[in-house]
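Trainee: This is the content of query17.cif (mmCIF, C-alpha atoms and all ligand atoms):
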```cif
data_entry
#
loop_
_atom_site.label_atom_id
_atom_site.label_comp_id
_atom_site.auth_asym_id
_atom_site.auth_seq_id
_atom_site.Cartn_x
_atom_site.Cartn_y
_atom_site.Cartn_z
CA MET K 1 -109.04 21.40 68.08
CA THR K 2 -112.41 23.17 68.25
CA THR K 3 -113.34 26.72 67.17
CA SER K 4 -115.94 29.01 68.71
CA LEU K 5 -118.46 30.62 66.33
CA VAL K 6 -120.28 32.46 69.12
CA PRO K 7 -120.30 31.66 72.85
CA ASN K 8 -121.29 28.00 73.31
CA ILE K 9 -121.60 27.21 69.62
CA ASP K 10 -118.43 25.55 68.37
CA TRP K 11 -117.02 23.90 65.26
CA VAL K 12 -116.14 20.30 66.18
CA GLY K 13 -115.56 18.78 62.70
CA TYR K 14 -112.61 17.31 60.84
CA VAL K 15 -110.14 18.92 58.41
CA ASP K 16 -109.25 16.41 55.69
CA TRP K 17 -105.99 17.58 54.13
CA THR K 18 -105.47 14.41 52.10
CA VAL K 19 -108.74 13.73 50.25
CA ARG K 20 -108.30 14.24 46.49
CA ASP K 21 -111.39 12.52 45.13
CA PHE K 22 -115.00 13.18 46.03
CA HIS K 23 -117.10 10.89 43.85
CA GLY K 24 -115.16 11.99 40.78
CA TYR K 25 -114.60 15.60 41.84
CA ASN K 26 -110.87 16.34 42.21
CA THR K 27 -110.57 17.99 45.60
CA PHE K 28 -107.23 19.65 44.91
CA ARG K 29 -107.24 21.52 48.22
CA GLY K 30 -108.71 18.76 50.43
CA SER K 31 -111.93 19.35 52.33
CA THR K 32 -113.49 19.68 55.75
CA TYR K 33 -116.49 17.89 57.23
CA ASN K 34 -117.99 20.52 59.47
CA ALA K 35 -119.97 19.54 62.56
CA TYR K 36 -121.12 22.04 65.18
CA LEU K 37 -121.99 21.72 68.85
CA VAL K 38 -124.67 23.97 70.35
CA ARG K 39 -124.51 23.96 74.16
CA ASP K 40 -127.47 25.34 76.12
CA GLU K 41 -129.87 23.84 78.65
CA LYS K 42 -129.99 21.10 76.03
CA THR K 43 -127.03 20.18 73.86
CA ALA K 44 -127.32 19.55 70.13
CA LEU K 45 -124.74 18.31 67.68
CA ILE K 46 -125.36 19.61 64.15
CA ASP K 47 -124.26 16.85 61.74
CA THR K 48 -121.31 14.50 62.04
CA VAL K 49 -118.32 13.66 59.81
CA LYS K 50 -117.12 10.85 57.51
CA ALA K 51 -117.07 7.51 59.32
CA PRO K 52 -113.26 7.16 59.64
CA TYR K 53 -113.10 10.44 61.58
CA ALA K 54 -115.73 9.63 64.20
CA GLY K 55 -113.02 9.38 66.89
CA ASP K 56 -111.76 12.90 66.14
CA LEU K 57 -115.30 14.27 66.28
CA LEU K 58 -116.03 12.56 69.60
CA GLN K 59 -112.75 13.84 71.03
CA HIS K 60 -113.69 17.39 69.99
CA ILE K 61 -117.13 17.08 71.59
CA ALA K 62 -115.67 15.55 74.76
CA SER K 63 -113.29 18.51 75.11
CA LEU K 64 -116.37 20.75 75.49
CA THR K 65 -118.94 18.59 77.27
CA ALA K 66 -119.58 15.07 78.53
CA LEU K 67 -120.78 12.82 75.70
CA GLU K 68 -123.71 11.74 77.88
CA LYS K 69 -124.94 15.36 77.79
CA VAL K 70 -125.58 15.36 74.04
CA ASP K 71 -129.38 15.41 73.78
CA TYR K 72 -129.82 15.73 70.02
CA VAL K 73 -127.97 14.99 66.83
CA VAL K 74 -129.47 17.06 64.02
CA VAL K 75 -128.93 15.36 60.67
CA ASN K 76 -129.35 17.89 57.89
CA HIS K 77 -128.31 15.44 55.16
CA ALA K 78 -127.78 11.68 55.02
CA GLU K 79 -124.80 11.61 52.63
CA PRO K 80 -121.99 9.66 54.30
CA ASP K 81 -119.53 12.57 54.34
CA HIS K 82 -121.82 14.06 57.01
CA ALA K 83 -123.74 11.14 58.48
CA GLY K 84 -121.16 8.37 58.12
CA ALA K 85 -120.04 8.76 61.73
CA LEU K 86 -123.62 8.79 63.04
CA PRO K 87 -123.69 5.17 64.32
CA ALA K 88 -120.45 5.71 66.26
CA VAL K 89 -121.72 9.01 67.66
CA LEU K 90 -125.02 7.50 68.80
CA ALA K 91 -123.17 4.59 70.41
CA ALA K 92 -121.01 7.08 72.34
CA CYS K 93 -123.86 9.48 73.17
CA PRO K 94 -126.59 7.22 74.59
CA GLN K 95 -129.01 10.06 75.41
CA ALA K 96 -129.06 11.48 71.91
CA THR K 97 -132.18 11.65 69.75
CA VAL K 98 -131.74 11.93 65.98
CA VAL K 99 -133.54 15.03 64.71
CA THR K 100 -134.16 14.99 60.99
CA ASN K 101 -136.81 15.14 58.29
CA LYS K 102 -138.84 12.23 56.95
CA LYS K 103 -136.83 11.79 53.73
CA CYS K 104 -133.55 11.85 55.58
CA GLN K 105 -134.86 9.31 58.07
CA GLY K 106 -135.65 6.99 55.17
CA ILE K 107 -132.19 7.36 53.61
CA LEU K 108 -130.44 6.91 56.97
CA SER K 109 -132.42 3.70 57.44
CA GLY K 110 -131.14 2.53 54.04
CA TYR K 111 -127.54 3.13 55.04
CA HIS K 112 -127.51 2.07 58.70
CA ASP K 113 -129.11 -0.35 61.12
CA THR K 114 -131.34 2.24 62.78
CA GLY K 115 -133.41 -0.23 64.81
CA GLY K 116 -132.45 1.11 68.24
CA TRP K 117 -132.32 4.80 67.35
CA SER K 118 -134.63 7.37 68.89
CA TRP K 119 -136.04 9.88 66.39
CA GLN K 120 -137.65 13.28 66.27
CA VAL K 121 -138.96 13.96 62.77
CA VAL K 122 -139.14 17.63 61.81
CA GLY K 123 -140.09 19.68 58.76
CA THR K 124 -139.95 23.25 57.50
CA GLY K 125 -141.09 25.69 60.17
CA ASP K 126 -140.60 23.30 63.09
CA SER K 127 -138.55 24.47 66.07
CA LEU K 128 -136.54 22.72 68.73
CA PRO K 129 -135.99 24.86 71.85
CA LEU K 130 -132.65 24.26 73.54
CA GLY K 131 -132.98 26.87 76.33
CA SER K 132 -131.83 30.36 75.45
CA ARG K 133 -131.47 29.31 71.80
CA THR K 134 -133.77 27.60 69.32
CA LEU K 135 -133.13 25.44 66.28
CA ARG K 136 -135.49 26.09 63.36
CA PHE K 137 -135.61 23.81 60.38
CA LEU K 138 -135.89 24.59 56.69
CA GLU K 139 -136.12 21.72 54.21
CA THR K 140 -134.12 22.49 51.07
CA PRO K 141 -134.64 19.43 48.86
CA MET K 142 -131.96 18.77 46.21
CA VAL K 143 -129.42 21.07 47.85
CA HIS K 144 -127.81 18.54 47.51
CA TRP K 145 -130.06 15.44 47.91
CA PRO K 146 -133.85 15.15 48.36
CA ASP K 147 -133.34 15.02 52.14
CA SER K 148 -131.22 18.17 52.44
CA MET K 149 -132.22 20.56 55.19
CA MET K 150 -130.81 23.70 56.79
CA THR K 151 -130.96 24.59 60.48
CA TYR K 152 -131.29 28.18 61.68
CA VAL K 153 -130.57 29.66 65.10
CA PRO K 154 -132.59 32.92 65.18
CA GLU K 155 -131.07 34.20 68.44
CA GLU K 156 -127.62 34.18 66.78
CA LYS K 157 -128.76 34.88 63.18
CA LEU K 158 -126.78 31.78 62.33
CA LEU K 159 -127.63 29.43 59.44
CA PHE K 160 -126.20 25.92 59.26
CA SER K 161 -126.48 25.65 55.49
CA MET K 162 -125.36 22.06 54.89
CA ASP K 163 -123.78 21.66 51.40
CA GLY K 164 -125.06 25.09 50.30
CA PHE K 165 -122.29 27.75 50.25
CA GLY K 166 -119.69 25.02 50.92
CA GLN K 167 -116.22 24.58 49.50
CA HIS K 168 -113.88 21.61 49.35
CA TYR K 169 -111.09 23.51 51.05
CA ALA K 170 -108.88 22.31 53.89
CA SER K 171 -107.44 25.17 55.92
CA SER K 172 -106.26 26.21 59.34
CA GLY K 173 -108.63 29.19 59.36
CA ARG K 174 -112.27 28.34 60.01
CA PHE K 175 -113.67 31.69 58.81
CA ASP K 176 -113.83 33.49 55.46
CA ASP K 177 -111.75 36.39 56.79
CA GLN K 178 -108.90 34.10 57.84
CA GLU K 179 -108.18 32.68 54.38
CA PRO K 180 -107.41 34.28 50.98
CA LEU K 181 -110.86 35.35 49.78
CA GLU K 182 -110.27 34.83 46.05
CA THR K 183 -109.08 31.28 46.69
CA VAL K 184 -112.12 30.55 48.85
CA MET K 185 -114.44 32.05 46.21
CA TRP K 186 -112.80 29.93 43.51
CA GLU K 187 -113.34 26.81 45.61
CA ALA K 188 -116.96 27.83 46.31
CA LYS K 189 -117.48 28.22 42.55
CA THR K 190 -115.82 24.86 41.83
CA TYR K 191 -117.99 23.25 44.50
CA TYR K 192 -121.16 24.80 43.12
CA ALA K 193 -120.32 23.84 39.52
CA ASN K 194 -119.45 20.23 40.30
CA ILE K 195 -121.89 19.37 43.08
CA ILE K 196 -125.08 21.41 42.69
CA MET K 197 -125.07 23.23 39.33
CA TRP K 198 -127.81 20.86 38.15
CA ALA K 199 -130.06 22.03 41.04
CA GLY K 200 -130.20 25.74 40.18
CA LYS K 201 -133.97 26.05 40.62
CA PRO K 202 -134.16 24.35 44.05
CA ILE K 203 -131.21 26.46 45.19
CA GLN K 204 -132.99 29.59 43.97
CA ARG K 205 -136.02 28.54 46.05
CA ALA K 206 -133.76 27.98 49.08
CA LEU K 207 -132.20 31.42 48.59
CA GLU K 208 -135.66 32.98 48.45
CA ALA K 209 -136.68 31.18 51.64
CA ALA K 210 -133.45 32.20 53.37
CA ALA K 211 -133.96 35.81 52.24
CA GLY K 212 -136.67 36.09 54.91
CA LEU K 213 -134.15 35.28 57.63
CA GLN K 214 -131.78 37.66 59.34
CA ILE K 215 -128.38 36.10 58.76
CA ALA K 216 -125.10 37.19 60.33
CA MET K 217 -123.22 33.95 59.76
CA ILE K 218 -123.53 31.01 57.35
CA ALA K 219 -121.91 27.81 58.55
CA PRO K 220 -121.77 25.24 55.72
CA SER K 221 -120.79 21.61 56.02
CA HIS K 222 -117.60 22.02 53.99
CA GLY K 223 -114.95 24.71 54.05
CA VAL K 224 -114.88 28.07 55.76
CA ILE K 225 -117.71 29.74 57.67
CA TRP K 226 -119.05 32.95 56.12
CA ARG K 227 -119.17 35.87 58.56
CA SER K 228 -117.38 38.78 56.84
CA HIS K 229 -118.12 38.24 53.14
CA LEU K 230 -121.78 37.19 53.15
CA ASP K 231 -122.63 39.73 50.44
CA ARG K 232 -119.98 38.28 48.17
CA ILE K 233 -121.05 34.64 48.43
CA LEU K 234 -124.78 35.46 48.25
CA ALA K 235 -124.25 37.61 45.14
CA ALA K 236 -122.18 34.84 43.57
CA TYR K 237 -124.94 32.29 44.25
CA ARG K 238 -127.52 34.58 42.67
CA ASP K 239 -125.39 34.50 39.49
CA TRP K 240 -124.57 30.81 39.65
CA VAL K 241 -128.17 29.58 40.09
CA VAL K 242 -128.95 30.92 36.63
CA CYS K 243 -125.44 30.17 35.22
CA ARG K 244 -125.29 33.90 34.42
CA PRO K 245 -122.90 34.03 31.44
CA LYS K 246 -119.89 36.30 31.18
CA PRO K 247 -118.63 37.39 27.77
CA LYS K 248 -116.40 34.34 27.80
CA VAL K 249 -115.67 31.74 25.12
CA LEU K 250 -114.47 28.26 26.00
CA VAL K 251 -112.75 26.16 23.32
CA VAL K 252 -112.63 22.57 24.59
CA TYR K 253 -110.81 19.96 22.53
CA GLU K 254 -109.23 16.55 22.40
CA SER K 255 -106.92 15.84 19.49
CA MET K 256 -105.40 12.63 18.14
CA TRP K 257 -102.71 13.92 15.71
CA GLU K 258 -102.98 17.69 16.39
CA SER K 259 -105.35 18.55 13.51
CA THR K 260 -108.26 19.18 15.88
CA ALA K 261 -105.81 21.09 18.12
CA GLN K 262 -104.94 23.38 15.18
CA MET K 263 -108.62 24.01 14.57
CA ALA K 264 -109.13 24.75 18.27
CA ARG K 265 -106.33 27.30 18.26
CA ALA K 266 -107.76 29.02 15.17
CA ILE K 267 -111.24 29.20 16.79
CA TRP K 268 -109.66 30.64 19.92
CA GLU K 269 -107.73 33.23 17.86
CA GLY K 270 -110.94 34.28 16.14
CA ALA K 271 -112.67 34.76 19.48
CA CYS K 272 -109.71 36.64 21.01
CA ALA K 273 -109.65 39.03 18.05
CA GLN K 274 -113.13 40.22 19.14
CA GLY K 275 -111.78 41.28 22.53
CA VAL K 276 -113.66 38.81 24.74
CA ALA K 277 -112.14 36.45 27.28
CA ALA K 278 -111.42 33.20 25.46
CA GLN K 279 -109.87 30.07 26.85
CA LEU K 280 -108.34 26.97 25.25
CA PHE K 281 -109.11 23.85 27.25
CA ASP K 282 -107.22 20.68 26.26
CA LEU K 283 -109.04 17.74 27.82
CA ARG K 284 -105.83 15.66 27.83
CA VAL K 285 -104.19 17.87 30.45
CA ASN K 286 -107.21 19.11 32.42
CA SER K 287 -109.82 17.57 34.70
CA ASN K 288 -113.60 17.42 34.44
CA THR K 289 -113.69 19.29 37.75
CA LEU K 290 -111.95 22.30 36.22
CA LEU K 291 -114.06 21.99 33.06
CA ALA K 292 -117.35 22.26 35.00
CA THR K 293 -116.00 25.31 36.85
CA GLU K 294 -115.12 27.06 33.58
CA VAL K 295 -118.41 26.12 31.93
CA LEU K 296 -120.47 27.62 34.78
CA ASP K 297 -120.00 31.23 33.65
CA ALA K 298 -118.96 30.75 30.00
CA ALA K 299 -121.48 31.99 27.44
CA THR K 300 -120.33 30.01 24.42
CA ILE K 301 -118.50 26.74 23.92
CA ALA K 302 -116.81 25.14 20.93
CA TRP K 303 -116.04 21.48 21.54
CA GLY K 304 -113.70 19.53 19.29
CA SER K 305 -112.85 15.87 18.99
CA SER K 306 -110.98 13.89 16.40
CA THR K 307 -112.85 10.90 15.05
CA LEU K 308 -111.98 7.55 16.59
CA ASN K 309 -113.75 4.40 15.42
CA GLY K 310 -116.56 6.45 13.93
CA GLY K 311 -117.22 8.43 17.13
CA MET K 312 -115.61 10.90 19.51
CA LEU K 313 -112.45 10.34 21.57
CA PRO K 314 -113.01 8.81 25.02
CA LEU K 315 -112.09 11.80 27.20
CA SER K 316 -114.70 13.84 25.33
CA GLY K 317 -117.25 11.09 25.89
CA GLY K 318 -116.62 11.10 29.64
CA ALA K 319 -116.50 14.88 29.95
CA LEU K 320 -119.69 15.42 27.94
CA THR K 321 -121.51 12.78 29.99
CA TYR K 322 -120.36 14.50 33.19
CA LEU K 323 -121.43 17.90 31.90
CA LYS K 324 -124.83 16.70 30.68
CA GLY K 325 -125.61 15.48 34.19
CA LEU K 326 -124.67 18.88 35.65
CA ARG K 327 -127.22 20.59 33.33
CA PRO K 328 -125.51 23.93 32.69
CA LEU K 329 -127.91 26.66 31.54
CA CYS K 330 -127.69 29.43 28.93
CA LYS K 331 -124.90 28.08 26.75
CA ALA K 332 -124.52 28.27 22.99
CA GLY K 333 -121.93 26.60 20.78
CA PHE K 334 -121.03 23.97 18.22
CA ALA K 335 -118.81 20.96 17.64
CA PHE K 336 -115.73 20.66 15.48
CA GLY K 337 -113.00 18.17 14.67
CA SER K 338 -110.90 16.39 12.10
CA TYR K 339 -111.50 12.96 10.64
CA GLY K 340 -109.58 10.48 8.50
CA TRP K 341 -111.24 7.92 6.29
CA SER K 342 -114.65 8.26 7.95
CA ARG K 343 -116.53 10.98 9.81
CA GLY K 344 -118.28 10.75 13.15
CA GLY K 345 -116.40 12.54 15.96
CA ALA K 346 -117.75 16.06 15.53
CA ALA K 347 -121.28 14.82 14.86
CA ALA K 348 -121.24 12.73 18.05
CA VAL K 349 -120.07 15.75 20.05
CA GLN K 350 -122.78 17.93 18.50
CA GLU K 351 -125.39 15.36 19.51
CA MET K 352 -124.20 15.46 23.12
CA LEU K 353 -124.15 19.27 23.13
CA GLU K 354 -127.75 19.23 21.94
CA ALA K 355 -128.65 16.71 24.65
CA THR K 356 -127.05 19.11 27.17
CA LYS K 357 -129.45 21.82 25.90
CA VAL K 358 -126.66 23.91 24.40
CA GLU K 359 -128.07 26.21 21.71
CA ILE K 360 -126.44 24.97 18.52
CA LEU K 361 -125.04 27.85 16.44
CA ARG K 362 -123.94 26.00 13.31
CA GLU K 363 -123.38 22.57 11.77
CA PRO K 364 -120.26 20.75 12.97
CA LEU K 365 -117.08 22.33 11.62
CA GLU K 366 -115.03 19.48 10.16
CA CYS K 367 -111.90 18.80 8.13
CA GLN K 368 -110.29 15.68 6.72
CA TRP K 369 -106.74 14.86 7.86
CA ARG K 370 -104.98 18.26 8.31
CA PRO K 371 -106.90 21.57 8.28
CA THR K 372 -106.16 23.61 5.14
CA PRO K 373 -105.64 27.41 5.37
CA GLU K 374 -109.26 27.74 4.20
CA VAL K 375 -110.50 25.54 7.04
CA LEU K 376 -108.44 27.48 9.57
CA GLU K 377 -109.94 30.71 8.27
CA GLU K 378 -113.41 29.22 8.68
CA CYS K 379 -112.41 28.32 12.27
CA ARG K 380 -111.36 31.92 12.95
CA LYS K 381 -114.69 33.17 11.62
CA ALA K 382 -116.53 30.64 13.80
CA GLY K 383 -114.50 31.87 16.80
CA ALA K 384 -115.54 35.45 16.04
CA MET K 385 -119.17 34.33 15.86
CA LEU K 386 -118.82 32.65 19.28
CA ALA K 387 -117.41 35.88 20.70
CA GLU K 388 -120.29 37.95 19.33
CA LYS K 389 -122.83 35.50 20.72
CA ALA K 390 -121.05 35.51 24.09
CA THR K 391 -121.26 39.29 24.26
CA GLN K 392 -124.94 39.19 23.30
CA LEU K 393 -125.84 36.52 25.89
CA SER K 394 -123.98 38.29 28.68
CA CYS K 395 -125.73 41.58 27.85
CA GLU K 396 -129.15 39.87 27.79
CA MET K 397 -128.56 38.32 31.19
CA GLN K 398 -127.29 41.18 33.29
CA PRO K 399 -128.21 40.95 37.01
CA GLY K 400 -131.85 41.90 37.54
CA GLN K 401 -132.92 40.64 34.09
FE1 LIG K 501 -121.32 17.12 51.57
FE2 LIG K 501 -124.07 16.08 49.82
O1 LIG K 501 -122.67 15.95 51.03
#
```
What would the structure in this file look like if it were written as structure tokens?

Mentor:
Amino acid sequence: MTTSLVPNIDWVGYVDWTVRDFHGYNTFRGSTYNAYLVRDEKTALIDTVKAPYAGDLLQHIASLTALEKVDYVVVNHAEPDHAGALPAVLAACPQATVVTNKKCQGILSGYHDTGGWSWQVVGTGDSLPLGSRTLRFLETPMVHWPDSMMTYVPEEKLLFSMDGFGQHYASSGRFDDQEPLETVMWEAKTYYANIIMWAGKPIQRALEAAAGLQIAMIAPSHGVIWRSHLDRILAAYRDWVVCRPKPKVLVVYESMWESTAQMARAIWEGACAQGVAAQLFDLRVNSNTLLATEVLDAATIAWGSSTLNGGMLPLSGGALTYLKGLRPLCKAGFAFGSYGWSRGGAAAVQEMLEATKVEILREPLECQWRPTPEVLEECRKAGAMLAEKATQLSCEMQPGQ
């Protein structure tokens, strides 16, 4: 099934209802691999799909035009969820020239046997006339890989934004006004946090470059197409690129015999008593995907781990490694945790928080065996301090500051 965006520009991608893992990201609502067909005097396919779905893509294209009439395949990004089907597409569309940038050409040549391919290498500002419509190219490195590029159709004010503004969200509706908006926004936030949070500055540059374009529709490579709620997603991105904090406290923990869990609850109570949004996040029952989403707009974080073998528990180790790579900005916090005959868990967590550039607010808050009433009171006070800091950070970073 295909979907028309505007006359003679159609979605021809694949809706993947079953995918639940995207290199470690839990895609709870599946995903889509969006490809688009622009038909004019010349015909251009914008991106492809994952390799196993090449047949579906070709069927969609063939329902609109003869495969021999495809003149160009624009590759905005070499990652295999978008370019995996490229060899099959080129085999089926013998007239097609691959249009991409130099970096993408290099990566494609690393993934595929590109010996017989015909290329047109483009860069920012280059245009490809198709007849009544034109494709203009805008390189947006690191959104999401060094090769990433967006393609703009000025006559339609349409931006093919690649991974930018995407969501891992399988749906029957192809547009933002055909699906529940809050669900789509949540998935856009989850996508941003887990895929491109680390690239805030390049995304900011891409937003600035795109600000010079007239845009009526943003067609990303995953999820729904933005045509009715552009203001909402653009405003959200302006917040997310700087990890703009809300007055929100996150208490993350992993507990062996519930002592660290008791400390976590006391910290959370102390934060709640200050009237800010505070959330308890037990790593044993949550995913890293959800953690990154919650971290994106949290101002302060307390992270607790019991001590195991002189260090932190393993879920904390994995989650902190994941988070460090995502490079969240503007966070403050501290580590806590219980220990038995030797210390080590809380200190190891604190070290990772520091390595993640979290502003450290105090020394690790520790207790031996079970927390005493005095320790729990200290936890409540530390929670109150987190709440105050969260309020301060969110006030300092209001939009426009
Ligand atoms: Fe959807 Fe970076 O690929």

Trainee: Show me which residues sit within 6 Å of ligand LIG 501 (chain K) when counting all atoms listed in the file, and put them as a ChimeraX atom specification.

Mentor: /K:79,81,144,163

Trainee: Around (-135.8, 32.2, 55.0) in the file's frame, which residues reach within 12 Å when counting all atoms listed in the file? Return as a PDB file with C-alpha atoms, in the frame of the given file?

Mentor:
```pdb
ATOM      1  CA  THR K 124    -139.950  23.250  57.500  1.00  0.00           C
ATOM      2  CA  GLY K 125    -141.090  25.690  60.170  1.00  0.00           C
ATOM      3  CA  ARG K 136    -135.490  26.090  63.360  1.00  0.00           C
ATOM      4  CA  PHE K 137    -135.610  23.810  60.380  1.00  0.00           C
ATOM      5  CA  LEU K 138    -135.890  24.590  56.690  1.00  0.00           C
ATOM      6  CA  GLU K 139    -136.120  21.720  54.210  1.00  0.00           C
ATOM      7  CA  THR K 140    -134.120  22.490  51.070  1.00  0.00           C
ATOM      8  CA  MET K 150    -130.810  23.700  56.790  1.00  0.00           C
ATOM      9  CA  THR K 151    -130.960  24.590  60.480  1.00  0.00           C
ATOM     10  CA  TYR K 152    -131.290  28.180  61.680  1.00  0.00           C
ATOM     11  CA  VAL K 153    -130.570  29.660  65.100  1.00  0.00           C
ATOM     12  CA  PRO K 154    -132.590  32.920  65.180  1.00  0.00           C
ATOM     13  CA  LYS K 157    -128.760  34.880  63.180  1.00  0.00           C
ATOM     14  CA  LEU K 158    -126.780  31.780  62.330  1.00  0.00           C
ATOM     15  CA  LEU K 159    -127.630  29.430  59.440  1.00  0.00           C
ATOM     16  CA  SER K 161    -126.480  25.650  55.490  1.00  0.00           C
ATOM     17  CA  GLN K 204    -132.990  29.590  43.970  1.00  0.00           C
ATOM     18  CA  ARG K 205    -136.020  28.540  46.050  1.00  0.00           C
ATOM     19  CA  ALA K 206    -133.760  27.980  49.080  1.00  0.00           C
ATOM     20  CA  LEU K 207    -132.200  31.420  48.590  1.00  0.00           C
ATOM     21  CA  GLU K 208    -135.660  32.980  48.450  1.00  0.00           C
ATOM     22  CA  ALA K 209    -136.680  31.180  51.640  1.00  0.00           C
ATOM     23  CA  ALA K 210    -133.450  32.200  53.370  1.00  0.00           C
ATOM     24  CA  ALA K 211    -133.960  35.810  52.240  1.00  0.00           C
ATOM     25  CA  GLY K 212    -136.670  36.090  54.910  1.00  0.00           C
ATOM     26  CA  LEU K 213    -134.150  35.280  57.630  1.00  0.00           C
ATOM     27  CA  GLN K 214    -131.780  37.660  59.340  1.00  0.00           C
ATOM     28  CA  ILE K 215    -128.380  36.100  58.760  1.00  0.00           C
TER      29      ILE K 215
END
```

Trainee: With a distance cut-off of 12 Å and only C-alpha atoms, select the neighbouring residues of Trp341 of chain K, excluding the residue or stretch itself and same-chain residues fewer than 3 positions from it, and output the selection as number ranges by chain.

Mentor: K: 306-310, 338, 344-345, 367-369

Trainee: Give me the residues near Gln350 of chain K as JSON, numbers by chain, where near means some atom within 8 Å (using all atoms listed in the file) and where sequence neighbours in that chain fewer than 6 positions away do not count.

Mentor: {"K": [334, 335, 360, 364]}

Trainee: Which polymer residues have any atom within 12 Å of an atom of Glu294 of chain K, counting only C-alpha atoms, with same-chain residues fewer than 4 positions away left out, as a PyMOL selection string?

Mentor: chain K and resi 186+189-194+240+243+245-246+248-252+277-281+286-290+298-301+323+328+331

Trainee: With C-alpha atoms retained, export the selected residues as a PDB file, in the frame of the given file.

Mentor:
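For reference, selection-v8.pdb as written:
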```
ATOM      1  CA  TRP K 186    -112.800  29.930  43.510  1.00  0.00           C
ATOM      2  CA  LYS K 189    -117.480  28.220  42.550  1.00  0.00           C
ATOM      3  CA  THR K 190    -115.820  24.860  41.830  1.00  0.00           C
ATOM      4  CA  TYR K 191    -117.990  23.250  44.500  1.00  0.00           C
ATOM      5  CA  TYR K 192    -121.160  24.800  43.120  1.00  0.00           C
ATOM      6  CA  ALA K 193    -120.320  23.840  39.520  1.00  0.00           C
ATOM      7  CA  ASN K 194    -119.450  20.230  40.300  1.00  0.00           C
ATOM      8  CA  TRP K 240    -124.570  30.810  39.650  1.00  0.00           C
ATOM      9  CA  CYS K 243    -125.440  30.170  35.220  1.00  0.00           C
ATOM     10  CA  PRO K 245    -122.900  34.030  31.440  1.00  0.00           C
ATOM     11  CA  LYS K 246    -119.890  36.300  31.180  1.00  0.00           C
ATOM     12  CA  LYS K 248    -116.400  34.340  27.800  1.00  0.00           C
ATOM     13  CA  VAL K 249    -115.670  31.740  25.120  1.00  0.00           C
ATOM     14  CA  LEU K 250    -114.470  28.260  26.000  1.00  0.00           C
ATOM     15  CA  VAL K 251    -112.750  26.160  23.320  1.00  0.00           C
ATOM     16  CA  VAL K 252    -112.630  22.570  24.590  1.00  0.00           C
ATOM     17  CA  ALA K 277    -112.140  36.450  27.280  1.00  0.00           C
ATOM     18  CA  ALA K 278    -111.420  33.200  25.460  1.00  0.00           C
ATOM     19  CA  GLN K 279    -109.870  30.070  26.850  1.00  0.00           C
ATOM     20  CA  LEU K 280    -108.340  26.970  25.250  1.00  0.00           C
ATOM     21  CA  PHE K 281    -109.110  23.850  27.250  1.00  0.00           C
ATOM     22  CA  ASN K 286    -107.210  19.110  32.420  1.00  0.00           C
ATOM     23  CA  SER K 287    -109.820  17.570  34.700  1.00  0.00           C
ATOM     24  CA  ASN K 288    -113.600  17.420  34.440  1.00  0.00           C
ATOM     25  CA  THR K 289    -113.690  19.290  37.750  1.00  0.00           C
ATOM     26  CA  LEU K 290    -111.950  22.300  36.220  1.00  0.00           C
ATOM     27  CA  ALA K 298    -118.960  30.750  30.000  1.00  0.00           C
ATOM     28  CA  ALA K 299    -121.480  31.990  27.440  1.00  0.00           C
ATOM     29  CA  THR K 300    -120.330  30.010  24.420  1.00  0.00           C
ATOM     30  CA  ILE K 301    -118.500  26.740  23.920  1.00  0.00           C
ATOM     31  CA  LEU K 323    -121.430  17.900  31.900  1.00  0.00           C
ATOM     32  CA  PRO K 328    -125.510  23.930  32.690  1.00  0.00           C
ATOM     33  CA  LYS K 331    -124.900  28.080  26.750  1.00  0.00           C
TER      34      LYS K 331
END
```

Trainee: Between K:Ser171, K:Tyr253, K:Asp282, K:Ala348, which one has atoms that come closest to Ser305 of chain K, using all atoms listed in the file?

Mentor: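 Residue with the minimum atom-to-atom distance to Ser305 of chain K: K:Tyr253.
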
Trainee: Using all atoms listed in the file, can you tell me which of K:His168, K:Ala261, K:Arg227, K:Met197 comes closest to Asp21 of chain K?

Mentor: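 Smallest separation from Asp21 of chain K among the options: K:His168.
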
Trainee: Taking the point (-127.1, 13.2, 51.2) as given in the file, collect each protein or nucleic acid residue that comes within 7 Å of it, counting all atoms listed in the file, and present the set as number ranges by chain.

Mentor: K: 77-80, 144-145, 147-148

Trainee: At a cut-off of 9 Å, using all atoms listed in the file, what residues contact Leu326 of chain K? Leave out same-chain residues fewer than 5 positions from it and give the result as a list in words.

Mentor: Ala193, Asn194, Ile195, Ile196, Met197, Trp198, Ala199, Ala292, Thr321 and Thr356 of chain K

Trainee: So which one's closest to Ala92 of chain K, K:Leu313, K:Leu386, K:Val73, K:Met1? Using all atoms listed in the file, please.

Mentor: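 Of the candidates, the smallest distance to Ala92 of chain K is held by K:Val73.
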
Trainee: For a quick check of understanding, using all atoms listed in the file, which of K:Leu291, K:Ala264, K:Met312, K:Leu320 has the smallest distance to Cys379 of chain K?

Mentor: K:Ala264
